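J.: Quick one: this structure, given as structure tokens, is what I'll be asking you about.
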Amino acid sequence: MPGREHVESFIALVVQGKYVEAIREFYAEDASMQENQEPPRKGMQLLVAGEEKALAACKEIRTLAAKSFLIDGDRVAINWLFEIVAHDGRSFRQDEIAWQLWRGDKIVEEQFYYDPGQRKLA
């Protein structure tokens with residue numbers, strides 16, 4: 001079960017834009033990530049590669065806030081707000097929930113829930 005301070009340390013890295021570092025530090029080697037109902041990505045190597053690909057696909061990703069988070073035993077829910085800027089300067093905001101399963105101090109499963117309709121560049 002993750003402690004509050006440990007989860008806050010994870011959130012702080014993400015808010016600083018250290019997305020790959022957060023994966024390497026806080027995810028288990030065999031962890032999985034899943035976007036809505038898409039098939040999950042499994043294993044540290046795929047998680048890091050997926051994050052690097054997402055970062056390269058845009059000019060910038062900024063974490064505007066972790067609006068709130070809840071811890072219930074081994075489950076953590078975080079409400080993130082991101083601003084994603086395309087290479088042409090257009091952007092959109094993505095409000096999402098990350099639903100995580102922790103094993104000790106590592107995330108072993110994570111599923112993101114968000115409305116894909118938010119992903120319209122303005």
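Following the order of the structure tokens, chains are lettered A, B, ..., residues in each are numbered from 1, and ligands are numbered from 1.
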Report as a ChimeraX atom specification: the residues of chain A with a DSSP assignment of helix (DSSP H, G or I), based on the backbone of this structure.
T.: /A:4-15,19-26,44-56,116-118
J.: Find the residues around Arg41 in chain A up to 12 Å (only C-alpha atoms counted), leave out those fewer than 2 positions away in its own chain, and share them as a PyMOL selection string.
T.: chain A and resi 30-35+37-39+43-51+108-111
J.: Taking only C-alpha atoms into account, produce a table as a tab-separated table in which each residue of range 13-52 of chain A with an atom at most 9 Å from an atom of range 85-107 of chain A appears once, together with its shortest atom pair and the distance in Å to one decimal, ordered by chain and rising number.
T.:
residue	atom	partner	partner_atom	distance
A:Ile23	CA	A:Ile107	CA	8.9
A:Glu25	CA	A:Lys106	CA	8.2
A:Phe26	CA	A:Lys106	CA	5.1
A:Tyr27	CA	A:Ile107	CA	4.6
A:Ala28	CA	A:Lys106	CA	5.3
A:Ala31	CA	A:Ile107	CA	6.6
A:Ser32	CA	A:Ile107	CA	8.6
J.: Can you pull out the residues contacting range 60-66 of chain A? Cut-off 8 Å, using only C-alpha atoms, and skip same-chain residues under 2 positions away; I want them as a list in words.
T.: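 Returned residues: Ile11, Val14, Val15, Gln16, Gly17, Leu55, Cys58, Ser68, Phe69, Ile78, Asn79, Trp80, Leu81, Phe82, Glu83, Ile84, Val85, Ala86 and His87 of chain A.
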J.: As an MDAnalysis selection string, please: all residues of chain A that backbone DSSP puts in strand (DSSP E).
T.: chainID A and resid 27:35 41:42 60:72 75:85 91:103 106:113
J.: With distances taken over only C-alpha atoms, which residue among A:Glu21, A:Lys53, A:Pro40, A:Ile71 lies nearest Glu5 in chain A?
T.: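 Closest to Glu5 in chain A, using only C-alpha atoms: A:Ile71.
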J.: For the atom pair CA of Lys67 in chain A and CA of Glu52 in chain A, what is the interatomic distance in Å to one decimal place?
T.: 24.2 Å
